[in-house]
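The next block is coords_23.cif, given as mmCIF, C-alpha atoms.
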data_work
#
loop_
_atom_site.label_atom_id
_atom_site.label_comp_id
_atom_site.auth_asym_id
_atom_site.auth_seq_id
_atom_site.Cartn_x
_atom_site.Cartn_y
_atom_site.Cartn_z
CA MET J 1 -109.43 -66.86 92.43
CA GLU J 2 -108.64 -70.58 92.12
CA HIS J 3 -109.55 -72.04 88.73
CA PRO J 4 -111.88 -75.11 88.67
CA ALA J 5 -109.20 -77.04 86.78
CA ASP J 6 -106.80 -76.44 89.64
CA ARG J 7 -109.32 -77.66 92.22
CA LEU J 8 -110.04 -80.87 90.33
CA ARG J 9 -106.38 -81.47 89.53
CA ALA J 10 -105.40 -80.95 93.17
CA ALA J 11 -108.17 -83.25 94.43
CA ALA J 12 -107.29 -86.03 91.99
CA ALA J 13 -103.55 -85.67 92.59
CA ALA J 14 -104.05 -85.87 96.36
CA ALA J 15 -106.29 -88.93 96.00
CA LEU J 16 -103.65 -90.64 93.84
CA ALA J 17 -101.48 -90.96 96.94
CA ALA J 18 -103.67 -93.95 97.91
CA VAL J 19 -103.00 -95.73 94.59
CA PRO J 20 -99.72 -97.50 93.75
CA THR J 21 -97.55 -95.53 91.34
CA GLN J 22 -98.27 -96.35 87.68
CA ALA J 23 -101.16 -98.66 88.57
CA THR J 24 -103.66 -98.87 85.72
CA ILE J 25 -107.00 -97.37 86.71
CA ALA J 26 -110.34 -98.22 85.10
CA VAL J 27 -112.73 -95.28 84.95
CA ALA J 28 -116.41 -96.17 85.29
CA LEU J 29 -117.48 -94.10 82.29
CA SER J 30 -121.21 -93.51 81.97
CA GLY J 31 -120.69 -90.69 79.48
CA GLY J 32 -122.22 -88.21 81.92
CA ARG J 33 -120.59 -84.98 83.06
CA ASP J 34 -118.93 -86.33 86.21
CA SER J 35 -117.33 -89.41 84.66
CA VAL J 36 -116.18 -87.49 81.57
CA ALA J 37 -114.52 -84.88 83.79
CA LEU J 38 -112.87 -87.67 85.81
CA LEU J 39 -111.54 -89.35 82.67
CA ASP J 40 -110.21 -86.01 81.41
CA ILE J 41 -108.42 -85.01 84.61
CA LEU J 42 -106.82 -88.44 85.15
CA ASP J 43 -105.73 -88.52 81.51
CA LYS J 44 -104.09 -85.09 81.91
CA LEU J 45 -102.32 -86.33 85.05
CA GLY J 46 -100.74 -89.08 82.96
CA VAL J 47 -102.43 -91.97 84.77
CA PRO J 48 -102.50 -95.29 82.83
CA LEU J 49 -106.20 -95.66 82.05
CA ARG J 50 -108.87 -98.05 80.88
CA ALA J 51 -112.56 -97.22 80.68
CA ILE J 52 -115.58 -99.43 81.40
CA HIS J 53 -119.05 -98.43 80.21
CA VAL J 54 -122.08 -100.34 81.52
CA HIS J 55 -124.94 -100.54 79.00
CA HIS J 56 -128.12 -101.05 81.05
CA GLY J 57 -130.51 -100.93 78.11
CA LEU J 58 -133.00 -98.95 80.20
CA SER J 59 -132.98 -95.85 77.99
CA PRO J 60 -133.74 -95.59 74.27
CA HIS J 61 -130.46 -93.66 74.08
CA ALA J 62 -128.36 -96.45 75.65
CA ASP J 63 -126.73 -97.48 72.35
CA ALA J 64 -125.85 -93.87 71.57
CA TRP J 65 -124.28 -93.42 75.01
CA ALA J 66 -122.11 -96.51 74.54
CA ALA J 67 -121.02 -95.25 71.12
CA PHE J 68 -120.21 -91.83 72.61
CA CYS J 69 -118.00 -93.41 75.29
CA GLU J 70 -116.18 -95.55 72.75
CA ALA J 71 -115.56 -92.53 70.49
CA LEU J 72 -114.41 -90.37 73.41
CA CYS J 73 -111.93 -92.99 74.53
CA ALA J 74 -110.70 -93.56 70.97
CA THR J 75 -109.72 -89.89 70.65
CA ARG J 76 -107.60 -90.25 73.80
CA GLY J 77 -106.15 -93.65 73.10
CA VAL J 78 -107.87 -95.14 76.15
CA PRO J 79 -109.15 -98.73 75.70
CA CYS J 80 -112.88 -98.88 76.39
CA THR J 81 -114.85 -101.97 77.43
CA VAL J 82 -118.64 -101.95 77.03
CA CYS J 83 -120.54 -104.34 79.33
CA ARG J 84 -124.18 -105.08 78.59
CA VAL J 85 -126.39 -106.02 81.53
CA ALA J 86 -130.04 -106.97 81.81
CA VAL J 87 -131.87 -105.26 84.66
CA PRO J 88 -134.82 -107.36 85.87
CA ALA J 89 -138.16 -105.58 86.16
CA GLN J 90 -138.47 -105.27 89.93
CA ALA J 91 -140.05 -102.90 92.42
CA SER J 92 -136.82 -100.88 92.61
CA VAL J 93 -135.24 -100.63 89.17
CA GLU J 94 -132.91 -97.96 90.59
CA ASN J 95 -131.40 -100.31 93.19
CA GLN J 96 -131.30 -103.30 90.85
CA ALA J 97 -129.56 -101.27 88.14
CA ARG J 98 -127.00 -100.13 90.69
CA ARG J 99 -126.29 -103.73 91.77
CA GLU J 100 -125.98 -104.90 88.17
CA ARG J 101 -123.72 -101.96 87.35
CA TYR J 102 -121.28 -102.62 90.18
CA ALA J 103 -121.25 -106.34 89.44
CA ALA J 104 -120.48 -105.64 85.77
CA LEU J 105 -117.74 -103.15 86.66
CA ALA J 106 -116.15 -105.63 89.07
CA ALA J 107 -116.29 -108.46 86.54
CA ALA J 108 -114.84 -106.30 83.76
CA ALA J 109 -112.06 -105.03 86.02
CA GLY J 110 -111.22 -108.63 86.92
CA ASP J 111 -111.11 -109.64 83.24
CA LEU J 112 -108.83 -106.68 82.49
CA GLY J 113 -106.55 -107.44 85.44
CA VAL J 114 -107.24 -103.98 86.89
CA ARG J 115 -107.65 -103.55 90.63
CA TYR J 116 -108.65 -99.86 90.91
CA VAL J 117 -111.96 -98.64 89.51
CA ALA J 118 -112.44 -94.85 89.61
CA LEU J 119 -115.93 -93.47 90.23
CA GLY J 120 -116.96 -89.86 89.59
CA HIS J 121 -118.82 -89.21 92.85
CA HIS J 122 -118.36 -85.74 94.35
CA ARG J 123 -119.22 -83.90 97.56
CA ASP J 124 -122.86 -83.24 96.59
CA ASP J 125 -123.31 -86.96 95.88
CA GLN J 126 -121.88 -87.64 99.34
CA ALA J 127 -124.39 -85.30 100.98
CA GLU J 128 -127.29 -86.89 99.07
CA THR J 129 -126.13 -90.37 100.07
CA LEU J 130 -126.09 -89.36 103.74
CA VAL J 131 -129.68 -88.07 103.48
CA LEU J 132 -130.80 -91.29 101.78
CA GLN J 133 -129.13 -93.38 104.48
CA LEU J 134 -130.79 -91.31 107.21
CA LEU J 135 -134.16 -91.97 105.59
CA ARG J 136 -133.36 -95.69 105.67
CA GLY J 137 -132.54 -95.57 109.38
CA ALA J 138 -128.91 -96.56 108.82
CA GLY J 139 -126.29 -96.73 111.55
CA PRO J 140 -122.75 -95.29 111.44
CA PRO J 141 -121.46 -97.55 108.61
CA GLY J 142 -124.33 -96.44 106.37
CA LEU J 143 -124.18 -92.81 107.49
CA ALA J 144 -120.49 -92.76 106.62
CA ALA J 145 -121.85 -92.70 103.05
CA MET J 146 -119.21 -93.34 100.38
CA PRO J 147 -115.56 -93.93 101.34
CA ALA J 148 -112.80 -92.47 99.19
CA LEU J 149 -111.33 -95.96 98.82
CA ARG J 150 -113.01 -99.28 99.58
CA ASP J 151 -111.81 -102.80 98.98
CA ASP J 152 -114.47 -105.11 97.63
CA PRO J 153 -114.55 -108.88 98.42
CA ARG J 154 -114.47 -109.40 94.64
CA GLY J 155 -110.92 -108.00 94.57
CA VAL J 156 -111.81 -104.53 93.30
CA ALA J 157 -110.78 -101.27 95.00
CA TRP J 158 -113.49 -98.65 94.44
CA TRP J 159 -111.74 -95.27 94.27
CA ARG J 160 -113.48 -91.88 94.44
CA PRO J 161 -110.91 -89.14 93.83
CA LEU J 162 -113.41 -86.26 93.48
CA LEU J 163 -115.22 -86.44 96.83
CA ALA J 164 -113.60 -83.17 97.90
CA VAL J 165 -115.03 -81.15 94.99
CA THR J 166 -118.57 -79.98 94.34
CA ARG J 167 -120.98 -80.43 91.46
CA ALA J 168 -120.50 -76.73 90.69
CA ASP J 169 -116.73 -77.25 90.49
CA ILE J 170 -117.20 -80.04 87.97
CA ASP J 171 -119.70 -77.97 85.95
CA ALA J 172 -117.21 -75.13 85.75
CA TYR J 173 -114.38 -77.50 84.80
CA VAL J 174 -116.39 -79.09 82.00
CA ARG J 175 -117.34 -75.68 80.59
CA ALA J 176 -113.79 -74.36 80.76
CA ALA J 177 -112.34 -77.48 79.11
CA GLY J 178 -115.07 -77.59 76.45
CA LEU J 179 -115.88 -81.22 77.27
CA ARG J 180 -118.84 -82.93 75.64
CA TYR J 181 -120.96 -85.35 77.65
CA VAL J 182 -124.36 -87.06 77.57
CA ASP J 183 -127.41 -86.31 79.69
CA ASP J 184 -129.37 -89.21 81.16
CA GLU J 185 -133.01 -88.14 80.99
CA SER J 186 -133.79 -90.30 84.04
CA ASN J 187 -131.81 -87.86 86.21
CA ALA J 188 -134.87 -85.59 86.15
CA HIS J 189 -137.30 -88.30 87.29
CA THR J 190 -138.15 -87.39 90.88
CA HIS J 191 -139.99 -90.66 91.49
CA LEU J 192 -136.47 -92.10 91.90
CA ALA J 193 -135.25 -91.67 95.47
CA ARG J 194 -131.87 -90.07 94.76
CA ASN J 195 -133.33 -87.65 92.23
CA ALA J 196 -136.04 -86.66 94.72
CA VAL J 197 -133.37 -85.88 97.32
CA ARG J 198 -131.30 -83.95 94.75
CA HIS J 199 -134.11 -81.87 93.22
CA VAL J 200 -136.55 -81.53 96.14
CA VAL J 201 -134.84 -82.06 99.50
CA MET J 202 -131.41 -80.48 98.94
CA PRO J 203 -132.77 -77.12 97.68
CA VAL J 204 -134.89 -76.87 100.84
CA LEU J 205 -131.89 -77.70 103.03
CA ALA J 206 -129.89 -75.05 101.17
CA GLN J 207 -132.49 -72.48 102.27
CA VAL J 208 -131.94 -73.51 105.89
CA ALA J 209 -128.15 -73.70 105.61
CA GLY J 210 -126.47 -72.53 102.45
CA ASN J 211 -123.49 -74.82 103.04
CA ALA J 212 -125.66 -77.91 103.61
CA PRO J 213 -123.72 -80.20 101.21
CA GLU J 214 -120.41 -79.33 102.89
CA THR J 215 -121.90 -79.79 106.37
CA LEU J 216 -123.50 -83.11 105.47
CA ALA J 217 -120.27 -84.36 103.90
CA ARG J 218 -118.47 -83.45 107.12
CA ALA J 219 -121.10 -85.33 109.11
CA ALA J 220 -120.48 -88.37 106.90
CA ALA J 221 -116.76 -88.13 107.67
CA ASN J 222 -117.55 -88.05 111.41
CA GLN J 223 -119.75 -91.11 111.03
CA ALA J 224 -116.93 -92.85 109.17
CA GLU J 225 -114.74 -92.41 112.25
CA ALA J 226 -117.51 -93.78 114.48
CA ALA J 227 -117.93 -96.75 112.13
CA GLN J 228 -114.19 -97.40 112.28
CA LEU J 229 -114.33 -97.48 116.07
CA LEU J 230 -117.23 -99.96 115.95
CA ASP J 231 -115.23 -102.14 113.57
CA GLU J 232 -112.22 -102.04 115.89
CA LEU J 233 -114.47 -103.08 118.78
CA ALA J 234 -115.85 -105.95 116.68
CA CYS J 235 -112.29 -107.07 115.91
CA LEU J 236 -111.58 -107.20 119.63
CA ASP J 237 -114.85 -109.01 120.41
CA GLY J 238 -114.28 -111.52 117.63
CA ARG J 239 -110.53 -112.01 117.99
CA ASP J 240 -110.87 -115.53 119.43
CA GLY J 241 -113.93 -116.54 117.43
CA TYR J 242 -113.39 -115.32 113.86
CA ASP J 243 -111.16 -117.43 111.63
CA GLY J 244 -111.46 -115.45 108.41
CA THR J 245 -114.48 -117.32 107.07
CA SER J 246 -116.68 -118.32 110.03
CA LEU J 247 -117.53 -117.09 113.53
CA ALA J 248 -117.84 -119.12 116.73
CA ARG J 249 -121.38 -118.93 118.09
CA ARG J 250 -120.04 -118.47 121.60
CA ALA J 251 -118.52 -115.15 120.50
CA LEU J 252 -122.07 -113.87 119.97
CA ALA J 253 -123.65 -115.62 122.94
CA GLU J 254 -121.13 -114.27 125.45
CA LEU J 255 -121.54 -110.61 124.53
CA PRO J 256 -124.15 -108.08 125.64
CA PRO J 257 -126.80 -107.67 122.94
CA HIS J 258 -125.57 -104.35 121.53
CA ARG J 259 -122.02 -105.65 121.11
CA ALA J 260 -123.24 -108.97 119.72
CA ARG J 261 -125.27 -107.09 117.10
CA ASN J 262 -122.22 -105.02 116.23
CA LEU J 263 -120.09 -108.16 115.88
CA LEU J 264 -122.68 -109.84 113.67
CA ARG J 265 -122.93 -106.75 111.42
CA TRP J 266 -119.14 -106.69 111.14
CA PHE J 267 -118.98 -110.42 110.36
CA LEU J 268 -121.60 -110.12 107.61
CA ARG J 269 -119.73 -107.22 106.02
CA ARG J 270 -116.48 -109.17 106.17
CA ARG J 271 -118.25 -111.94 104.26
CA GLY J 272 -119.35 -109.46 101.59
CA LEU J 273 -122.95 -108.98 102.75
CA ALA J 274 -124.79 -105.80 103.64
CA ALA J 275 -126.05 -105.56 107.21
CA PRO J 276 -129.80 -106.17 107.55
CA ALA J 277 -132.27 -103.76 109.12
CA SER J 278 -132.26 -103.57 112.92
CA ALA J 279 -135.26 -105.83 113.54
CA ARG J 280 -133.98 -108.39 111.06
CA LEU J 281 -130.52 -108.29 112.60
CA ALA J 282 -131.94 -108.89 116.09
CA ALA J 283 -133.94 -111.87 114.82
CA MET J 284 -130.86 -113.32 113.09
CA LEU J 285 -128.80 -112.91 116.25
CA ASP J 286 -131.42 -114.72 118.33
CA GLN J 287 -131.49 -117.68 115.93
CA LEU J 288 -127.73 -117.92 115.54
CA ALA J 289 -126.74 -117.45 119.17
CA ASN J 290 -129.54 -119.37 120.87
CA ALA J 291 -130.37 -122.28 118.58
CA ARG J 292 -129.87 -125.82 119.91
CA PRO J 293 -126.52 -127.39 118.96
CA ASP J 294 -128.31 -129.85 116.66
CA ALA J 295 -130.63 -127.26 115.09
CA ARG J 296 -130.45 -126.62 111.37
CA VAL J 297 -130.42 -122.86 110.83
CA ARG J 298 -130.47 -121.40 107.32
CA ILE J 299 -131.33 -117.70 107.04
CA ALA J 300 -131.66 -116.23 103.54
CA HIS J 301 -129.99 -112.83 103.34
CA ALA J 302 -128.69 -110.64 100.50
CA GLY J 303 -128.48 -113.49 98.00
CA ALA J 304 -126.69 -115.81 100.43
CA GLU J 305 -127.54 -118.05 103.37
CA VAL J 306 -126.37 -117.59 106.94
CA GLY J 307 -126.40 -120.71 109.07
CA ILE J 308 -124.66 -122.89 111.65
CA TYR J 309 -122.20 -125.67 111.01
CA ARG J 310 -120.25 -127.40 113.78
CA ASP J 311 -121.20 -124.66 116.21
CA ARG J 312 -119.90 -121.89 113.97
CA VAL J 313 -121.79 -119.21 112.05
CA ILE J 314 -121.15 -119.61 108.35
CA VAL J 315 -122.16 -117.75 105.18
CA HIS J 316 -122.57 -119.69 101.97
CA PRO J 317 -124.33 -119.44 98.59
CA PRO J 318 -127.91 -120.74 98.36
CA PRO J 319 -128.74 -124.04 96.65
CA PRO J 320 -128.73 -123.78 92.85
CA PRO J 321 -131.92 -123.90 90.83
CA ALA J 322 -132.77 -127.12 89.02
CA TYR J 323 -130.70 -127.76 85.91
CA ALA J 324 -129.83 -130.54 83.46
CA LEU J 325 -127.16 -129.87 80.84
CA ALA J 326 -125.83 -132.11 78.11
CA TRP J 327 -122.07 -132.30 77.50
CA SER J 328 -120.97 -132.54 73.88
CA GLY J 329 -117.22 -132.37 74.24
CA GLU J 330 -116.79 -128.68 75.06
CA ALA J 331 -113.99 -127.60 77.40
CA GLU J 332 -116.40 -126.08 79.91
CA LEU J 333 -120.06 -126.12 80.91
CA ARG J 334 -121.52 -123.02 82.54
CA LEU J 335 -123.91 -124.08 85.31
CA PRO J 336 -126.25 -121.74 87.22
CA HIS J 337 -123.79 -121.66 90.13
CA GLY J 338 -120.35 -122.24 88.64
CA ARG J 339 -118.29 -123.77 85.85
CA LEU J 340 -117.46 -127.42 85.22
CA ALA J 341 -114.22 -127.74 83.25
CA PHE J 342 -113.35 -130.85 81.23
CA GLY J 343 -109.73 -131.76 80.53
CA ARG J 344 -107.83 -134.57 78.85
CA ALA J 345 -105.28 -136.82 80.54
CA ASP J 346 -104.02 -140.36 80.11
CA GLY J 347 -104.83 -142.72 82.95
CA ASP J 348 -107.01 -140.22 84.82
CA GLY J 349 -110.68 -139.29 85.02
CA ILE J 350 -113.56 -140.84 83.10
CA ALA J 351 -112.54 -143.38 80.45
CA ALA J 352 -113.05 -141.69 77.10
CA ASP J 353 -113.97 -144.95 75.37
CA ARG J 354 -116.67 -145.77 77.95
CA ILE J 355 -118.69 -142.64 77.16
CA ALA J 356 -117.99 -142.29 73.44
CA GLY J 357 -121.26 -142.08 71.50
CA ARG J 358 -123.34 -142.10 74.70
CA ARG J 359 -125.44 -139.37 76.33
CA VAL J 360 -123.37 -137.49 78.92
CA HIS J 361 -125.20 -134.95 81.05
CA VAL J 362 -124.77 -133.01 84.27
CA ARG J 363 -127.39 -132.48 86.96
CA PRO J 364 -127.56 -131.85 90.74
CA ARG J 365 -128.06 -134.36 93.51
CA ALA J 366 -131.58 -135.65 93.94
CA GLY J 367 -130.90 -138.09 96.81
CA GLY J 368 -130.29 -141.81 96.83
CA GLU J 369 -127.26 -141.77 94.50
CA ARG J 370 -124.61 -144.47 94.95
CA LEU J 371 -120.99 -144.59 93.84
CA GLN J 372 -118.27 -147.25 93.74
CA LEU J 373 -114.91 -145.51 93.98
CA ALA J 374 -112.80 -148.61 93.20
CA ALA J 375 -113.41 -152.13 91.89
CA ASN J 376 -112.31 -153.62 95.23
CA ARG J 377 -114.53 -151.33 97.32
CA PRO J 378 -118.28 -151.55 97.93
CA ARG J 379 -120.83 -149.32 96.26
CA ARG J 380 -121.90 -146.74 98.84
CA ALA J 381 -124.44 -143.98 99.24
CA LEU J 382 -123.02 -140.73 97.87
CA LYS J 383 -124.35 -138.92 100.94
CA SER J 384 -122.16 -141.11 103.21
CA ILE J 385 -119.12 -140.62 100.98
CA LEU J 386 -119.54 -136.84 101.10
CA GLN J 387 -120.02 -136.88 104.88
CA ASP J 388 -116.87 -138.99 105.34
CA ALA J 389 -114.96 -136.56 103.11
CA GLY J 390 -116.01 -133.67 105.37
CA VAL J 391 -117.95 -131.87 102.64
CA PRO J 392 -120.30 -129.35 104.34
CA PRO J 393 -124.03 -129.77 103.66
CA TRP J 394 -124.36 -126.65 101.47
CA GLU J 395 -121.47 -127.77 99.26
CA ARG J 396 -123.04 -131.22 98.89
CA GLN J 397 -126.17 -129.53 97.50
CA ARG J 398 -124.12 -127.61 94.95
CA LEU J 399 -121.93 -130.43 93.60
CA PRO J 400 -122.69 -131.27 89.95
CA LEU J 401 -123.00 -134.97 89.12
CA VAL J 402 -121.88 -136.35 85.75
CA TYR J 403 -124.04 -139.11 84.27
CA CYS J 404 -123.52 -141.39 81.30
CA ASP J 405 -127.00 -142.28 80.10
CA ASP J 406 -128.70 -143.04 83.43
CA ALA J 407 -125.60 -144.19 85.34
CA LEU J 408 -123.70 -141.91 87.73
CA ALA J 409 -120.20 -141.77 86.23
CA ALA J 410 -118.36 -139.24 88.39
CA VAL J 411 -118.56 -136.56 91.06
CA PRO J 412 -115.98 -133.75 90.68
CA GLY J 413 -113.52 -133.67 93.55
CA ILE J 414 -114.79 -137.02 94.90
CA GLY J 415 -114.06 -139.61 92.25
CA VAL J 416 -115.07 -141.66 89.23
CA ASP J 417 -117.28 -144.73 89.48
CA ALA J 418 -115.30 -147.94 88.96
CA ALA J 419 -117.41 -148.79 85.92
CA PHE J 420 -116.14 -145.64 84.18
CA ALA J 421 -112.58 -145.44 85.53
CA THR J 422 -109.73 -144.93 83.05
CA ALA J 423 -107.21 -147.73 82.62
CA PRO J 424 -103.52 -146.84 83.03
CA ASP J 425 -102.22 -144.93 79.99
CA ALA J 426 -105.69 -144.90 78.38
CA PRO J 427 -107.30 -141.57 77.36
CA GLY J 428 -109.35 -140.04 80.15
CA ILE J 429 -111.54 -136.99 80.73
CA THR J 430 -110.86 -135.05 83.92
CA LEU J 431 -113.33 -132.86 85.79
CA THR J 432 -112.68 -129.61 87.65
CA TRP J 433 -115.52 -127.92 89.54
CA LEU J 434 -115.19 -124.10 89.85
CA PRO J 435 -118.14 -122.92 91.97
CA ASP J 436 -119.22 -119.31 92.06
CA THR J 437 -118.59 -117.56 95.34
CA ILE J 438 -120.83 -115.04 97.08
CA GLY J 439 -120.91 -111.89 95.02
CA ASN J 440 -120.25 -113.54 91.65
#
Just dump the structure as structure tokens.
Amino acid sequence: MEHPADRLRAAAAAALAAVPTQATIAVALSGGRDSVALLDILDKLGVPLRAIHVHHGLSPHADAWAAFCEALCATRGVPCTVCRVAVPAQASVENQARRERYAALAAAAGDLGVRYVALGHHRDDQAETLVLQLLRGAGPPGLAAMPALRDDPRGVAWWRPLLAVTRADIDAYVRAAGLRYVDDESNAHTHLARNAVRHVVMPVLAQVAGNAPETLARAAANQAEAAQLLDELACLDGRDGYDGTSLARRALAELPPHRARNLLRWFLRRRGLAAPASARLAAMLDQLANARPDARVRIAHAGAEVGIYRDRVIVHPPPPPAYALAWSGEAELRLPHGRLAFGRADGDGIAADRIAGRRVHVRPRAGGERLQLAANRPRRALKSILQDAGVPPWERQRLPLVYCDDALAAVPGIGVDAAFATAPDAPGITLTWLPDTIGN
């Protein structure tokens, strides 16, 4: 009889074929049974490893779990990063915690320079995900459940090497290897959707068909093929309209409704957004495909805005909240929607002597601002300058303006007002605007 260790080792070794040789892999280490088993098997396979633990702060045991993960990694010589996140109190703490967790994992992987993040999901998780997606009325992309490898717009590759093994396999492996792990008490709370499926629905399905998890996982694989075909159709339908960032409206308007909806779903996913529910998608399609050429369309969706610019469908971040930040000489200011970096250069940027000892602060556009870009040029409305520079409307809203006392001194990427310009060879302060992108 095959030993559980052999099953897990074979599954992980086979999955490694999708990862470049000797690539460092970051294990998403919760401290639970599945992630501990994953760390152990990859370590035994000689994979270069890092570990990332996300501290949600939702349990009174959260500090102990973080300490457990750090100690476990220390015994193996695996560097461990602990990321603390704050989960807002919302209607669905479960979903919000998941979003915060993935965002923290992606950010930590980026900081570590690691592309592949390993997740401990297994075949039973896959079956539960399919049931949850069915209950949400998902189409083939959702019913495909969790892919073994998925590239994220944030630059992370989410890798699930244990999808071929069961929860029972992992239990047996952990017992045989004598591995210690932590138990999250919330896993027993059946008011949470996934736990309800795991503890209530799956046992009933097992009475109907004893191999329900295997059958459901196979159904998910079939749906993944169907989803791939839909994506290939969308590529064909959008081949003349999609430029990598935006989509020609005519590409939607010229298609039959079912193919236009498929193309719009595909476009939103390519831009890093989840597809909306069917009714919402149909309403979005109607607005985007049928709006007048001069209409201003801005549809809030999944933390972004979908709109029209120059007869193309675009996705962009929403306007930032109000802010006003003082600058006291630091190298960088963190704004609600990006970072404003300050550098030093002779003969460039804002004249250092013009702002010395004065109040320098950063705030967004309010309307009516004027700027003189050179002493021999007229002072003009900033709105006109931005339009002439081809800055799209949503980027105009997000540009930070630098003031000295009450005078507009500079706009990053546009220029410095003549009254604050640096003389040749004189010390200057340069500005670099680094806006957050969707998904940051």
Centre and edge lengths of an axis-aligned box around all listed atoms of region 74-87 of chain J, with 6 Å added on each side, are to be given in Å to one decimal, as lines of an AutoDock Vina configuration file.
center_x = -119.0
center_y = -98.4
center_z = 77.7
size_x = 37.7
size_y = 29.1
size_z = 26.0
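Shortest separation to Ala5 (chain J) among J:Pro412, J:Pro392, J:Gly244, J:Gly178 occurs at residue J:Gly178, atoms counted being only C-alpha atoms.
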Discussion item. Under the rule that only C-alpha atoms are counted, which of J:Arg354, J:Arg123, J:His316, J:Arg160 is the nearest residue to Thr422 (chain J)?
Written reply: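 Closest candidate: J:Arg354.
The space separating CA of Ala351 (chain J) from CA of Val391 (chain J) comes to 25.6 Å.
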Worksheet item: Do you know which residues lie at most 10 Å from (-117.7, -90.8, 80.9), with coordinates as in the file and only C-alpha atoms counted, and could you write them as a PyMOL selection string?
Response: chain J and resi 27-40+51-53+65-66+68-70+72-73+119-120+180-182
Practice prompt. I would like the residues chosen by the PyMOL selection byres ((chain J and resi 333-342) around 7) on the shown file; could you give them as a list in words?
Written response: Pro320, Ala331, Glu332, Gly343, Ile429, Thr430, Leu431, Thr432, Trp433, Leu434, Pro435 and Asp436 of chain J
Worksheet item: For Asp311 (chain J), which of J:Arg363, J:Arg259, J:Arg358, J:Ala251 is the closest residue, counting only C-alpha atoms?
Response: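 When distances to Asp311 (chain J) are compared using only C-alpha atoms, the smallest one comes from J:Ala251.
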Item to complete: List the residues selected by the PyMOL selection byres ((chain J and resi 275-285) around 9) in the file shown, writing them as a ChimeraX atom specification.
Response: /J:136-138,252-253,257,260-261,264-266,268-269,273-274,286-290,299,301-302,306
Discussion item. What's around region 54-59 of chain J at 6 Å? Count only C-alpha atoms, leave out sequence neighbours fewer than 2 positions away in its own chain, and write the answer as a VMD selection string.
Written reply: chain J and resid 61 to 62 82 to 85
